[in-house]
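Peer 1: The file below is final_39.csv, CSV, C-alpha atoms:
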```
chain,number,residue,atom,x,y,z
S,138,MET,CA,0.0,0.0,0.0
S,139,THR,CA,1.5,3.3,-1.1
S,140,ASN,CA,1.8,6.3,1.2
S,141,ARG,CA,-1.0,8.2,-0.6
S,142,VAL,CA,-3.4,5.3,-0.2
S,143,GLN,CA,-2.6,4.8,3.5
S,144,GLY,CA,-2.7,8.5,4.1
S,145,ASN,CA,-6.1,8.8,2.3
S,146,LYS,CA,-7.4,5.8,4.3
S,147,ASP,CA,-6.4,7.4,7.6
S,148,PHE,CA,-7.8,10.8,6.5
S,149,ILE,CA,-11.2,9.2,5.6
S,150,THR,CA,-11.4,7.1,8.7
S,151,GLU,CA,-10.7,10.2,10.9
S,152,ALA,CA,-13.0,12.5,8.9
S,153,LEU,CA,-15.9,10.1,8.7
S,154,ARG,CA,-15.7,8.3,12.1
S,155,ASP,CA,-19.1,9.7,13.2
S,156,ASP,CA,-20.7,9.3,9.8
S,157,ALA,CA,-23.7,7.0,9.9
S,158,LEU,CA,-23.3,5.8,6.3
S,159,PHE,CA,-19.6,5.1,6.8
S,160,THR,CA,-20.2,3.2,10.1
S,161,SER,CA,-22.9,1.1,8.5
S,162,LEU,CA,-20.6,0.1,5.6
S,163,VAL,CA,-17.6,-0.6,8.0
S,164,LEU,CA,-19.8,-2.9,10.1
S,165,ASP,CA,-21.0,-4.8,7.1
S,166,LYS,CA,-18.4,-7.5,6.5
S,167,GLU,CA,-19.1,-7.9,2.7
S,168,TYR,CA,-19.0,-4.1,2.0
S,169,SER,CA,-16.2,-3.3,4.4
S,170,ALA,CA,-13.8,-4.8,2.0
S,171,LYS,CA,-15.2,-2.8,-0.9
S,172,LEU,CA,-15.2,0.4,1.0
S,173,PHE,CA,-11.5,1.1,0.8
S,174,LYS,CA,-10.9,0.3,-2.9
S,175,GLU,CA,-7.4,1.3,-4.0
S,176,ASP,CA,-8.6,3.1,-7.2
S,177,ILE,CA,-10.6,5.5,-5.0
S,178,LEU,CA,-7.9,5.8,-2.4
S,179,GLU,CA,-5.3,6.7,-5.1
S,180,LEU,CA,-7.1,9.9,-6.0
S,181,ASP,CA,-5.4,13.2,-5.2
S,182,PRO,CA,-7.0,14.4,-1.9
S,183,ASN,CA,-6.2,18.1,-2.9
S,184,ALA,CA,-7.8,18.0,-6.3
S,185,MET,CA,-11.3,18.9,-7.3
S,186,TYR,CA,-13.3,16.6,-9.5
S,187,SER,CA,-16.0,17.4,-11.9
S,188,THR,CA,-19.2,15.4,-12.0
S,189,THR,CA,-18.3,14.3,-15.5
S,190,ASP,CA,-14.9,13.0,-14.3
S,191,CYS,CA,-16.6,11.2,-11.4
S,192,SER,CA,-19.3,9.6,-13.5
S,193,ASP,CA,-17.2,8.6,-16.4
S,194,LYS,CA,-13.7,7.8,-15.1
S,195,ILE,CA,-14.2,6.9,-11.4
S,196,PHE,CA,-17.7,5.4,-11.0
S,197,ASN,CA,-18.7,4.4,-14.5
S,198,ILE,CA,-22.3,5.5,-14.1
S,199,ALA,CA,-24.4,8.0,-16.1
S,200,ASN,CA,-23.7,11.6,-15.4
S,201,SER,CA,-27.4,12.3,-14.8
S,202,THR,CA,-27.4,9.5,-12.2
S,203,LEU,CA,-24.5,11.1,-10.4
S,204,ARG,CA,-26.1,14.6,-10.5
S,205,TYR,CA,-29.3,13.1,-9.1
S,206,TYR,CA,-27.4,11.6,-6.1
S,207,VAL,CA,-25.6,14.9,-5.6
S,208,ARG,CA,-28.9,16.8,-5.7
S,209,MET,CA,-30.6,14.4,-3.3
S,210,LEU,CA,-27.7,14.4,-0.8
S,211,GLU,CA,-27.3,18.2,-0.8
S,212,GLY,CA,-26.3,19.2,2.7
S,213,TYR,CA,-24.3,16.0,3.2
S,214,LEU,CA,-22.0,16.4,0.2
S,215,GLU,CA,-19.6,19.4,-0.1
S,216,ILE,CA,-20.1,20.9,-3.5
S,217,TYR,CA,-18.4,23.9,-5.1
S,218,VAL,CA,-20.2,25.5,-8.0
S,219,GLU,CA,-18.3,27.3,-10.7
S,220,GLY,CA,-20.9,28.8,-13.2
S,221,ARG,CA,-22.8,25.7,-14.3
S,222,LYS,CA,-20.2,23.2,-13.3
S,223,LYS,CA,-20.0,21.5,-10.0
S,224,ARG,CA,-16.6,20.6,-8.4
S,225,LEU,CA,-16.3,17.9,-5.8
S,226,PRO,CA,-13.5,17.5,-3.3
S,227,PHE,CA,-12.0,14.1,-2.5
S,228,LEU,CA,-14.1,13.5,0.6
S,229,THR,CA,-17.3,14.2,-1.4
S,230,VAL,CA,-16.1,11.7,-4.0
S,231,PHE,CA,-15.6,9.1,-1.3
S,232,LYS,CA,-19.1,9.9,0.1
S,233,ILE,CA,-20.6,9.3,-3.3
S,234,HIS,CA,-18.6,6.0,-3.4
S,235,MET,CA,-20.2,5.1,-0.1
S,236,THR,CA,-23.6,6.0,-1.5
S,237,LEU,CA,-23.1,3.8,-4.5
S,238,LEU,CA,-22.1,0.9,-2.2
S,239,SER,CA,-25.2,1.4,-0.1
S,240,ILE,CA,-27.4,1.3,-3.2
S,241,GLU,CA,-25.6,-1.8,-4.4
S,242,ARG,CA,-26.4,-3.3,-1.0
S,243,GLY,CA,-30.1,-2.7,-1.6
S,244,GLU,CA,-30.8,0.6,0.0
S,245,THR,CA,-32.7,3.4,-1.7
S,246,ILE,CA,-31.7,7.0,-1.8
S,247,SER,CA,-34.5,7.7,0.6
S,248,ASP,CA,-33.1,5.1,3.0
S,249,ILE,CA,-29.7,6.8,2.8
S,250,GLN,CA,-31.3,10.2,3.5
S,251,VAL,CA,-33.0,8.8,6.6
S,252,LYS,CA,-29.8,7.2,7.7
S,253,LEU,CA,-28.0,10.6,7.3
S,254,SER,CA,-30.8,12.5,9.0
S,255,LEU,CA,-31.4,14.5,5.9
S,256,LYS,CA,-34.9,15.5,4.8
S,257,SER,CA,-35.7,15.2,1.2
S,258,ILE,CA,-35.0,18.4,-0.5
S,259,PRO,CA,-38.0,19.0,-2.9
S,260,GLN,CA,-37.3,20.2,-6.4
S,261,GLN,CA,-38.9,23.6,-6.8
S,262,ASN,CA,-41.6,23.9,-9.4
S,263,GLY,CA,-43.3,27.3,-9.2
S,264,GLY,CA,-43.2,27.3,-5.4
S,265,LYS,CA,-44.7,23.8,-5.1
S,266,ALA,CA,-42.8,20.6,-4.5
S,267,LYS,CA,-42.6,18.5,-7.6
S,268,GLY,CA,-44.7,15.4,-7.3
S,269,SER,CA,-46.4,16.5,-4.1
S,270,LYS,CA,-49.6,18.5,-3.6
S,271,TYR,CA,-48.3,19.8,-0.2
S,272,ASN,CA,-45.6,22.3,0.5
S,273,GLU,CA,-44.0,22.9,3.9
S,274,ASP,CA,-46.4,25.8,4.7
S,275,THR,CA,-49.4,23.6,4.0
S,276,LEU,CA,-48.0,20.7,6.0
S,277,ASP,CA,-47.4,23.1,8.9
S,278,GLN,CA,-51.0,24.2,8.8
S,279,LEU,CA,-52.2,20.7,8.6
S,280,PHE,CA,-50.1,19.6,11.6
S,281,SER,CA,-51.2,22.6,13.7
S,282,GLU,CA,-54.9,21.9,12.9
S,283,PHE,CA,-54.3,18.2,13.8
S,284,ASP,CA,-52.7,19.2,17.1
S,285,ARG,CA,-55.6,21.7,17.9
S,286,ARG,CA,-58.2,19.0,17.2
S,287,GLN,CA,-56.3,16.5,19.3
S,288,ASN,CA,-56.3,18.9,22.2
S,289,VAL,CA,-60.0,19.5,21.8
S,290,MET,CA,-60.7,15.8,21.8
S,291,MET,CA,-58.5,15.3,24.9
S,292,ARG,CA,-60.4,18.1,26.8
S,293,THR,CA,-63.7,16.6,25.7
S,294,PHE,CA,-62.6,13.2,26.9
S,295,THR,CA,-61.4,14.6,30.3
S,296,LEU,CA,-64.7,16.5,30.8
S,297,GLN,CA,-66.7,13.4,29.8
S,298,ASN,CA,-64.7,11.3,32.4
S,299,THR,CA,-65.3,14.0,35.0
S,300,ILE,CA,-69.1,13.9,34.3
S,301,ASN,CA,-69.2,10.2,34.5
S,302,LEU,CA,-67.4,10.2,37.8
S,303,ILE,CA,-69.8,12.8,39.2
S,304,GLU,CA,-72.8,10.7,38.1
S,305,VAL,CA,-71.4,7.6,39.7
```
Produce structure tokens that represent the structure in this file.
Peer 2:
Amino acid sequence: MTNRVQGNKDFITEALRDDALFTSLVLDKEYSAKLFKEDILELDPNAMYSTTDCSDKIFNIANSTLRYYVRMLEGYLEIYVEGRKKRLPFLTVFKIHMTLLSIERGETISDIQVKLSLKSIPQQNGGKAKGSKYNEDTLDQLFSEFDRRQNVMMRTFTLQNTINLIEV
């Protein structure tokens, strides 16, 4: 193992020691071996990688698929935007590698978002979430109305219990 590979492995282990996705892959015997692939560990930790380089040369997946994962894991992945291009540092490339391993293992992107305590970031479409008839404001209103009704029901139940006890 070269110095760069060992140095990158140590860097990743230290940087991701509290990462839920990293921990789940390390604890999985089958995927623990795949986690530290040498071709990923040989990458330059000081370089920035484009999504095209990552999709074509590193992961061999469609660029649109990689961009989808990057968009869905926004907040977990560190991304630098230069005009229309996105640049990914080494640690982000490794996190994408972990995401691909988790998907290979049978998890969905939603499962990964839950594991990482990310909420799904809706695609904006004229102020409404794409594919959903509710936006966050509507959901907040629904939950407050639900809470209000639940409180009314609890007060009614308590009063009914009090009346029953008085009658007895």
Peer 1: Atom CA of S:Thr202 and atom CA of S:Leu238 are how many Å apart?
Peer 2: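 Between atom CA of S:Thr202 and atom CA of S:Leu238 the gap is 14.2 Å.
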Peer 1: Between S:Arg286, S:Lys252, S:Lys146, S:Arg204, single out the one closest to S:Asp176, counting only C-alpha atoms.
Peer 2: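 Among the listed residues, the smallest separation from S:Asp176 belongs to S:Lys146.
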Peer 1: Can you list, as a ChimeraX atom specification, every protein, DNA or RNA residue that comes within 12 Å of stretch 208-225 of chain S when you count only C-alpha atoms, leaving out same-chain residues fewer than 2 positions away?
Peer 2: /S:153,156-158,181-192,200-206,227-236,245-260
Peer 1: I'd like to know which of S:Asp193, S:Ala199, S:Leu180, S:Arg292 is closest to S:Pro226, using only C-alpha atoms.
Peer 2: S:Leu180
Peer 1: Enter the distance from atom CA of S:Leu162 to atom CA of S:Gly144, in Å, rounded to one decimal.
Peer 2: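 Taking atom CA of S:Leu162 and atom CA of S:Gly144, their separation equals 19.8 Å.
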Peer 1: Have a look at atom CA of S:Ile240 and atom CA of S:Ile198 and let me know their distance in Å, one decimal.
Peer 2: 12.7 Å
